[in-house]
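Reproduced below: entry_16.pdb, with PDB, C-alpha atoms.
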```pdb
ATOM      1  CA  THR A1064      -8.278  -5.153 -23.320
ATOM      2  CA  ALA A1065      -9.803  -3.621 -20.175
ATOM      3  CA  TYR A1066     -12.793  -5.137 -18.473
ATOM      4  CA  ASP A1067     -15.508  -3.597 -16.326
ATOM      5  CA  GLU A1068     -16.519  -5.078 -12.966
ATOM      6  CA  ASP A1069     -19.078  -7.289 -14.723
ATOM      7  CA  GLY A1070     -16.438  -8.779 -17.006
ATOM      8  CA  ASN A1071     -17.390  -6.823 -20.127
ATOM      9  CA  GLY A1072     -14.421  -5.805 -22.243
ATOM     10  CA  GLY A1073     -13.573  -3.772 -25.277
ATOM     11  CA  GLU A1074     -10.697  -4.009 -27.684
ATOM     12  CA  GLY A1075      -8.173  -1.212 -27.834
ATOM     13  CA  LEU A1076      -9.759   1.592 -25.812
ATOM     14  CA  LEU A1077      -8.688   4.774 -27.607
ATOM     15  CA  GLU A1078      -9.787   7.302 -24.994
ATOM     16  CA  PRO A1079      -9.209   7.073 -21.234
ATOM     17  CA  SER A1080     -12.298   5.764 -19.499
ATOM     18  CA  HIS A1081     -11.680   7.732 -16.263
ATOM     19  CA  ARG A1082     -12.677   4.626 -14.367
ATOM     20  CA  PHE A1083     -10.577   2.940 -11.672
ATOM     21  CA  PHE A1084      -8.419  -0.160 -11.549
ATOM     22  CA  ALA A1085      -6.577  -1.975  -8.764
ATOM     23  CA  ASN A1086      -2.869  -1.324  -8.336
ATOM     24  CA  TYR A1087      -1.683  -4.385  -6.434
ATOM     25  CA  GLU A1088       1.803  -3.036  -5.758
ATOM     26  CA  SER A1089       0.582  -0.008  -3.785
ATOM     27  CA  GLY A1090      -2.617  -1.466  -2.322
ATOM     28  CA  SER A1091      -4.570   1.414  -3.844
ATOM     29  CA  CYS A1092      -6.585   2.142  -6.968
ATOM     30  CA  LEU A1093      -5.513   4.264  -9.925
ATOM     31  CA  GLN A1094      -7.641   6.071 -12.481
ATOM     32  CA  ASP A1095      -7.570   5.361 -16.183
ATOM     33  CA  CYS A1096      -6.665   8.888 -17.286
ATOM     34  CA  GLU A1097      -3.794  10.753 -18.906
ATOM     35  CA  PRO A1098      -0.685  10.438 -16.689
ATOM     36  CA  GLY A1099       0.211  13.628 -14.881
ATOM     37  CA  PRO A1100      -2.128  14.316 -11.949
ATOM     38  CA  PHE A1101      -1.791  12.059  -8.900
ATOM     39  CA  GLY A1102      -3.547   8.741  -9.398
ATOM     40  CA  CYS A1103      -3.708   8.880 -13.193
ATOM     41  CA  ALA A1104      -2.135   6.076 -15.195
ATOM     42  CA  GLU A1105      -2.534   4.261 -18.485
ATOM     43  CA  VAL A1106      -4.621   1.194 -17.832
ATOM     44  CA  PRO A1107      -2.619  -2.018 -18.386
ATOM     45  CA  PRO A1108      -4.650  -4.632 -20.311
ATOM     46  CA  PRO A1109      -6.254  -6.929 -19.420
ATOM     47  CA  ILE A1110      -7.671  -5.479 -16.196
ATOM     48  CA  ALA A1111     -11.066  -4.860 -14.624
ATOM     49  CA  LEU A1112     -12.341  -1.287 -14.426
ATOM     50  CA  TYR A1113     -14.639   0.087 -11.723
ATOM     51  CA  ASP A1114     -16.839   3.173 -11.616
ATOM     52  CA  THR A1115     -15.679   4.290  -8.157
ATOM     53  CA  ILE A1116     -12.641   3.978  -5.917
ATOM     54  CA  GLU A1117     -14.832   2.299  -3.318
ATOM     55  CA  ALA A1118     -15.909  -0.422  -5.739
ATOM     56  CA  CYS A1119     -12.344  -0.882  -6.936
ATOM     57  CA  CYS A1120     -11.054  -1.318  -3.381
ATOM     58  CA  ASN A1121     -13.933  -3.501  -2.213
ATOM     59  CA  VAL A1122     -14.080  -5.838  -5.217
ATOM     60  CA  GLY A1123     -10.717  -5.430  -6.933
ATOM     61  CA  GLN A1124      -8.499  -6.156  -3.911
ATOM     62  CA  PRO A1125     -10.596  -7.178  -0.909
ATOM     63  CA  TRP A1126      -7.511  -8.430   0.981
ATOM     64  CA  VAL A1127      -6.369  -4.808   1.399
ATOM     65  CA  ASP A1128      -7.909  -2.884   4.314
ATOM     66  CA  PHE A1129     -10.718  -0.789   2.829
ATOM     67  CA  GLU A1130      -9.753   2.424   4.666
ATOM     68  CA  TYR A1131      -6.147   2.016   3.580
ATOM     69  CA  CYS A1132      -7.063   1.481  -0.057
ATOM     70  CA  THR A1133      -9.552   4.340  -0.338
ATOM     71  CA  SER A1134      -7.313   6.858   1.436
ATOM     72  CA  ARG A1135      -4.136   5.976  -0.480
ATOM     73  CA  SER A1136      -6.037   6.096  -3.748
ATOM     74  CA  VAL A1137      -6.527   9.843  -3.240
ATOM     75  CA  ASN A1138      -3.042  10.432  -1.756
ATOM     76  CA  GLU A1139      -4.331  10.873   1.774
ATOM     77  CA  TYR A1140      -4.218   9.114   5.144
ATOM     78  CA  SER A1141      -7.222   7.410   6.716
ATOM     79  CA  ASN A1142      -6.755   9.092  10.128
ATOM     80  CA  GLY A1143      -7.822   5.794  11.646
ATOM     81  CA  TRP A1144      -5.864   3.762  14.201
ATOM     82  CA  ILE A1145      -3.499   0.815  13.728
ATOM     83  CA  VAL A1146      -1.802  -1.421  16.263
ATOM     84  CA  ASP A1147       1.861  -0.769  17.050
ATOM     85  CA  TYR A1148       3.115  -3.854  18.888
ATOM     86  CA  ALA A1149       6.636  -2.458  19.161
ATOM     87  CA  TYR A1150       5.410   0.283  21.510
ATOM     88  CA  SER A1151       2.422  -1.593  22.956
ATOM     89  CA  LYS A1152      -0.059   1.024  21.790
ATOM     90  CA  CYS A1153      -2.106   2.044  18.778
ATOM     91  CA  ALA A1154      -0.905   4.727  16.384
ATOM     92  CA  LYS A1155      -2.826   7.061  14.129
ATOM     93  CA  ASP A1156      -2.644   6.540  10.385
ATOM     94  CA  CYS A1157      -1.517  10.053   9.526
ATOM     95  CA  ASN A1158       1.640  11.784   8.315
ATOM     96  CA  PRO A1159       4.599  10.627  10.490
ATOM     97  CA  ALA A1160       6.149  14.073  10.020
ATOM     98  CA  ASP A1161       3.335  15.482  12.172
ATOM     99  CA  GLY A1162       4.619  13.514  15.164
ATOM    100  CA  PRO A1163       2.585  11.568  17.757
ATOM    101  CA  PRO A1164      -0.026  10.241  17.793
ATOM    102  CA  CYS A1165       0.848   9.521  14.130
ATOM    103  CA  SER A1166       2.859   6.353  13.517
ATOM    104  CA  ASP A1167       6.657   6.689  13.709
ATOM    105  CA  SER A1168       7.084   5.554  10.120
ATOM    106  CA  GLU A1169       4.927   5.442   7.020
ATOM    107  CA  HIS A1170       2.169   2.860   7.435
ATOM    108  CA  ASP A1171       2.330   0.530   4.429
ATOM    109  CA  ASP A1172       0.880  -2.760   5.675
ATOM    110  CA  PHE A1173      -2.060  -3.242   3.291
ATOM    111  CA  SER A1174      -3.805  -5.933   5.306
ATOM    112  CA  LEU A1175      -3.511  -4.429   8.796
ATOM    113  CA  THR A1176      -6.949  -3.447  10.094
ATOM    114  CA  ILE A1177      -7.510   0.285  10.512
ATOM    115  CA  PHE A1178      -9.910   1.137  13.351
ATOM    116  CA  SER A1179     -11.989   4.282  13.685
ATOM    117  CA  THR A1180     -10.987   4.823  17.328
ATOM    118  CA  PRO A1181      -7.995   4.007  19.557
ATOM    119  CA  GLU A1182     -10.427   2.359  21.975
ATOM    120  CA  ALA A1183     -11.443  -0.242  19.379
ATOM    121  CA  CYS A1184      -7.827  -0.831  18.373
ATOM    122  CA  CYS A1185      -6.653  -1.313  21.981
ATOM    123  CA  LYS A1186      -9.565  -3.613  22.802
ATOM    124  CA  THR A1187      -8.958  -5.821  19.763
ATOM    125  CA  HIS A1188      -5.170  -6.077  19.653
ATOM    126  CA  LEU A1189      -3.816  -5.056  23.070
ATOM    127  CA  ASN A1190      -6.388  -6.409  25.496
ATOM    128  CA  TRP A1191      -3.736  -7.565  28.001
ATOM    129  CA  ILE A1192      -2.804  -3.907  28.660
ATOM    130  CA  ASP A1193      -4.887  -1.685  30.930
ATOM    131  CA  HIS A1194      -7.443  -0.241  28.506
ATOM    132  CA  ASP A1195      -7.384   3.376  29.733
ATOM    133  CA  LEU A1196      -3.595   3.381  29.760
ATOM    134  CA  CYS A1197      -3.432   1.940  26.233
ATOM    135  CA  VAL A1198      -5.819   4.589  24.907
ATOM    136  CA  ALA A1199      -3.959   7.396  26.687
ATOM    137  CA  ASN A1200      -0.577   6.225  25.386
ATOM    138  CA  SER A1201      -2.026   5.853  21.890
ATOM    139  CA  GLN A1202      -3.323   9.419  21.940
ATOM    140  CA  ASN A1203      -0.043  10.647  23.435
ATOM    141  CA  VAL A1204      -1.812  12.195  26.402
ATOM    142  CA  ALA A1205      -1.689  11.574  30.132
ATOM    143  CA  SER A1206      -4.055   8.893  31.347
ATOM    144  CA  ASN A1207      -7.466  10.211  32.362
ATOM    145  CA  SER A1208      -7.251   7.956  35.369
ATOM    146  CA  SER A1209      -4.668   8.996  37.953
ATOM    147  CA  GLU A1210      -5.565   6.045  40.164
ATOM    148  CA  LEU A1211      -3.191   3.142  40.364
ATOM    149  CA  SER A1212      -4.771  -0.265  39.880
ATOM    150  CA  SER A1213      -3.266  -2.093  42.898
ATOM    151  CA  LYS A1214      -2.705  -4.997  40.514
ATOM    152  CA  TRP A1215       0.538  -6.917  40.071
ATOM    153  CA  TYR A1216       3.156  -6.911  37.325
ATOM    154  CA  VAL A1217       6.615  -8.350  36.839
ATOM    155  CA  LYS A1218       9.714  -6.184  37.166
ATOM    156  CA  TYR A1219      12.957  -7.368  35.573
ATOM    157  CA  SER A1220      16.306  -6.125  36.871
ATOM    158  CA  SER A1221      18.164  -8.465  34.499
ATOM    159  CA  ASP A1222      17.375 -11.238  32.023
ATOM    160  CA  THR A1223      17.237 -13.766  34.852
ATOM    161  CA  ASP A1224      16.252 -11.667  37.883
ATOM    162  CA  ALA A1225      12.534 -10.906  38.154
ATOM    163  CA  VAL A1226      10.105 -10.060  40.921
ATOM    164  CA  CYS A1227       6.365  -9.401  41.060
ATOM    165  CA  VAL A1228       5.532  -5.897  42.273
ATOM    166  CA  LYS A1229       2.319  -4.013  42.887
ATOM    167  CA  GLU A1230       1.023  -0.995  40.971
ATOM    168  CA  CYS A1231       0.649   1.331  43.936
ATOM    169  CA  ASP A1232       2.509   4.064  45.802
ATOM    170  CA  GLY A1233       4.289   3.295  49.041
ATOM    171  CA  PRO A1234       6.770   0.776  50.422
ATOM    172  CA  SER A1235       7.525  -2.615  48.879
ATOM    173  CA  PRO A1236       5.861  -4.403  47.177
ATOM    174  CA  CYS A1237       4.548  -1.128  45.637
ATOM    175  CA  ASN A1238       6.523  -0.044  42.598
ATOM    176  CA  GLY A1239       4.478   2.773  41.067
ATOM    177  CA  ARG A1240       2.691   2.761  37.726
ATOM    178  CA  ALA A1241       3.305  -0.106  35.315
ATOM    179  CA  GLU A1242       4.485   0.621  31.800
ATOM    180  CA  SER A1243       1.928   0.188  29.043
ATOM    181  CA  PHE A1244       3.575  -3.015  27.815
ATOM    182  CA  GLN A1245       3.517  -4.675  31.243
ATOM    183  CA  GLU A1246       0.654  -7.097  31.783
ATOM    184  CA  LEU A1247      -1.320  -6.605  34.987
ATOM    185  CA  TYR A1248      -2.516  -9.468  37.210
ATOM    186  CA  ASP A1249      -5.249  -9.393  39.836
ATOM    187  CA  THR A1250      -3.167 -11.233  42.426
ATOM    188  CA  PHE A1251       0.445 -11.859  43.317
ATOM    189  CA  ILE A1252      -0.068 -15.593  42.791
ATOM    190  CA  LYS A1253      -1.144 -15.105  39.163
ATOM    191  CA  CYS A1254       1.843 -12.883  38.438
ATOM    192  CA  CYS A1255       4.179 -15.306  40.182
ATOM    193  CA  GLU A1256       2.825 -18.362  38.382
ATOM    194  CA  HIS A1257       3.425 -16.668  35.032
ATOM    195  CA  HIS A1258       6.831 -15.116  35.630
ATOM    196  CA  THR A1259       8.696 -15.985  38.855
ATOM    197  CA  TRP A1260       7.552 -19.485  39.781
ATOM    198  CA  TRP A1261      11.105 -20.800  39.316
ATOM    199  CA  ASN A1262      12.594 -18.721  42.174
ATOM    200  CA  THR A1263       9.593 -17.844  44.356
ATOM    201  CA  ASN A1264       7.129 -19.771  46.505
ATOM    202  CA  CYS A1265       4.015 -18.352  44.861
ATOM    203  CA  THR A1266       1.571 -19.652  47.476
ATOM    204  CA  ALA A1267       3.519 -18.348  50.481
ATOM    205  CA  TYR A1268       2.812 -14.701  49.782
ATOM    206  CA  ASP A1269       0.474 -12.865  52.170
ATOM    207  CA  GLU A1270      -1.140 -10.056  50.214
ATOM    208  CA  ASP A1271      -2.312  -8.437  53.444
ATOM    209  CA  ASP A1272       1.308  -8.152  54.549
ATOM    210  CA  ILE A1273       4.488  -7.189  52.707
ATOM    211  CA  GLY A1274       5.215 -10.702  51.521
ATOM    212  CA  GLY A1275       7.357 -13.643  52.409
ATOM    213  CA  GLU A1276       9.575 -16.341  51.022
TER     214      GLU A1276
END
```
Turn the structure described in the file into structure tokens.
Amino acid sequence: TAYDEDGNGGEGLLEPSHRFFANYESGSCLQDCEPGPFGCAEVPPPIALYDTIEACCNVGQPWVDFEYCTSRSVNEYSNGWIVDYAYSKCAKDCNPADGPPCSDSEHDDFSLTIFSTPEACCKTHLNWIDHDLCVANSQNVASNSSELSSKWYVKYSSDTDAVCVKECDGPSPCNGRAESFQELYDTFIKCCEHHTWWNTNCTAYDEDDIGGE
């Protein structure tokens, strides 16, 4: 027996209804139609049927991201943006074979939020990274801002050897542009207190000079 979204059912449907039902394994919706074309399948009883893919995704499996469900239900990508913590950026939900800014591998996390823009994705999930740099890295383009922030970040030369350096050009403590995954701090003291307090006198640093022990 198949049921509609209002709970109404019918015994032994003889003809395909051409309505939609949730496929929990794939996080998408399939259509009750003769198997063959993409998305067609015999409806397994008992299951609720919906008039549209949108209703099936929204009501039938609300724990799946709506953009993911609706796009996969028609064998497409959402072309939205998802967080990629491994590379400290956001990636586009498109065919990985197309290369960046598409994700490196097939995106199959049903519940991961898909954003309409890289800006929204960076702001929500990677707010400790410089926003413009996050967006630029996500889009696989050079940053629109060529200016260095003059903020501080930690540089590791080994697992136990770390020093706070400044995002600027010039002599020490300048160390050039920080990588996208490196958190920036407004002052040396803040960087030191987070990362190098165990081997550095954080309060002894003179930010108007080159530094001190």
Minimum-distance residue to Cys1185 of chain A, chosen among A:Asn1203, A:Ile1145, A:Cys1119, A:Asp1171 (using all atoms listed in the file):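 Closest residue, counting all atoms listed in the file: A:Ile1145.
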Nearby residues (all atoms listed in the file) at most 9 Å from segment 1148-1157 of chain A, same-chain spacing under 2 positions excluded, as a ChimeraX atom specification: /A:1131,1139-1146,1159-1161,1163-1167,1169-1170,1177,1181-1182,1184-1185,1188-1189,1192,1197-1202,1243-1245
Write the selection just made, keeping C-alpha atoms, as a PDB file, in the frame of the given file?
```pdb
ATOM      1  CA  TYR A1131      -6.147   2.016   3.580  1.00  0.00           C
ATOM      2  CA  GLU A1139      -4.331  10.873   1.774  1.00  0.00           C
ATOM      3  CA  TYR A1140      -4.218   9.114   5.144  1.00  0.00           C
ATOM      4  CA  SER A1141      -7.222   7.410   6.716  1.00  0.00           C
ATOM      5  CA  ASN A1142      -6.755   9.092  10.128  1.00  0.00           C
ATOM      6  CA  GLY A1143      -7.822   5.794  11.646  1.00  0.00           C
ATOM      7  CA  TRP A1144      -5.864   3.762  14.201  1.00  0.00           C
ATOM      8  CA  ILE A1145      -3.499   0.815  13.728  1.00  0.00           C
ATOM      9  CA  VAL A1146      -1.802  -1.421  16.263  1.00  0.00           C
ATOM     10  CA  PRO A1159       4.599  10.627  10.490  1.00  0.00           C
ATOM     11  CA  ALA A1160       6.149  14.073  10.020  1.00  0.00           C
ATOM     12  CA  ASP A1161       3.335  15.482  12.172  1.00  0.00           C
ATOM     13  CA  PRO A1163       2.585  11.568  17.757  1.00  0.00           C
ATOM     14  CA  PRO A1164      -0.026  10.241  17.793  1.00  0.00           C
ATOM     15  CA  CYS A1165       0.848   9.521  14.130  1.00  0.00           C
ATOM     16  CA  SER A1166       2.859   6.353  13.517  1.00  0.00           C
ATOM     17  CA  ASP A1167       6.657   6.689  13.709  1.00  0.00           C
ATOM     18  CA  GLU A1169       4.927   5.442   7.020  1.00  0.00           C
ATOM     19  CA  HIS A1170       2.169   2.860   7.435  1.00  0.00           C
ATOM     20  CA  ILE A1177      -7.510   0.285  10.512  1.00  0.00           C
ATOM     21  CA  PRO A1181      -7.995   4.007  19.557  1.00  0.00           C
ATOM     22  CA  GLU A1182     -10.427   2.359  21.975  1.00  0.00           C
ATOM     23  CA  CYS A1184      -7.827  -0.831  18.373  1.00  0.00           C
ATOM     24  CA  CYS A1185      -6.653  -1.313  21.981  1.00  0.00           C
ATOM     25  CA  HIS A1188      -5.170  -6.077  19.653  1.00  0.00           C
ATOM     26  CA  LEU A1189      -3.816  -5.056  23.070  1.00  0.00           C
ATOM     27  CA  ILE A1192      -2.804  -3.907  28.660  1.00  0.00           C
ATOM     28  CA  CYS A1197      -3.432   1.940  26.233  1.00  0.00           C
ATOM     29  CA  VAL A1198      -5.819   4.589  24.907  1.00  0.00           C
ATOM     30  CA  ALA A1199      -3.959   7.396  26.687  1.00  0.00           C
ATOM     31  CA  ASN A1200      -0.577   6.225  25.386  1.00  0.00           C
ATOM     32  CA  SER A1201      -2.026   5.853  21.890  1.00  0.00           C
ATOM     33  CA  GLN A1202      -3.323   9.419  21.940  1.00  0.00           C
ATOM     34  CA  SER A1243       1.928   0.188  29.043  1.00  0.00           C
ATOM     35  CA  PHE A1244       3.575  -3.015  27.815  1.00  0.00           C
ATOM     36  CA  GLN A1245       3.517  -4.675  31.243  1.00  0.00           C
TER      37      GLN A1245
END
```
Point-to-point distance in Å for atom CA of Thr1180 of chain A and atom CA of Asp1249 of chain A: 27.2 Å
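You will find atom CA of Asn1262 of chain A at 23.0 Å from atom CA of Ser1213 of chain A.
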Ref. answer, residues at most 12 Å from (6.6, 0.8, 39.5) with only C-alpha atoms, as a PyMOL selection string: chain A and resi 1211-1219+1226-1243+1245+1247
Protein, DNA and RNA residues within 10 Å of (-3.7, 5.7, -7.3), all atoms listed in the file, as a list in words: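 Residues satisfying the cut-off, written out: Phe1083, Phe1084, Ala1085, Asn1086, Ser1089, Gly1090, Ser1091, Cys1092, Leu1093, Gln1094, Asp1095, Pro1100, Phe1101, Gly1102, Cys1103, Ala1104, Ile1116, Cys1132, Thr1133, Ser1134, Arg1135, Ser1136, Val1137 and Asn1138 of chain A.
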Interatomic distance, atom CA of Val1106 of chain A to atom CA of Asn1158 of chain A (Å, one decimal):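 Atom CA of Val1106 of chain A sits 28.9 Å away from atom CA of Asn1158 of chain A.
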Resolved residues for the PyMOL selection byres ((chain A and resi 1126) around 12) as number ranges by chain: A: 1085, 1087, 1090-1091, 1119-1125, 1127-1132, 1172-1176
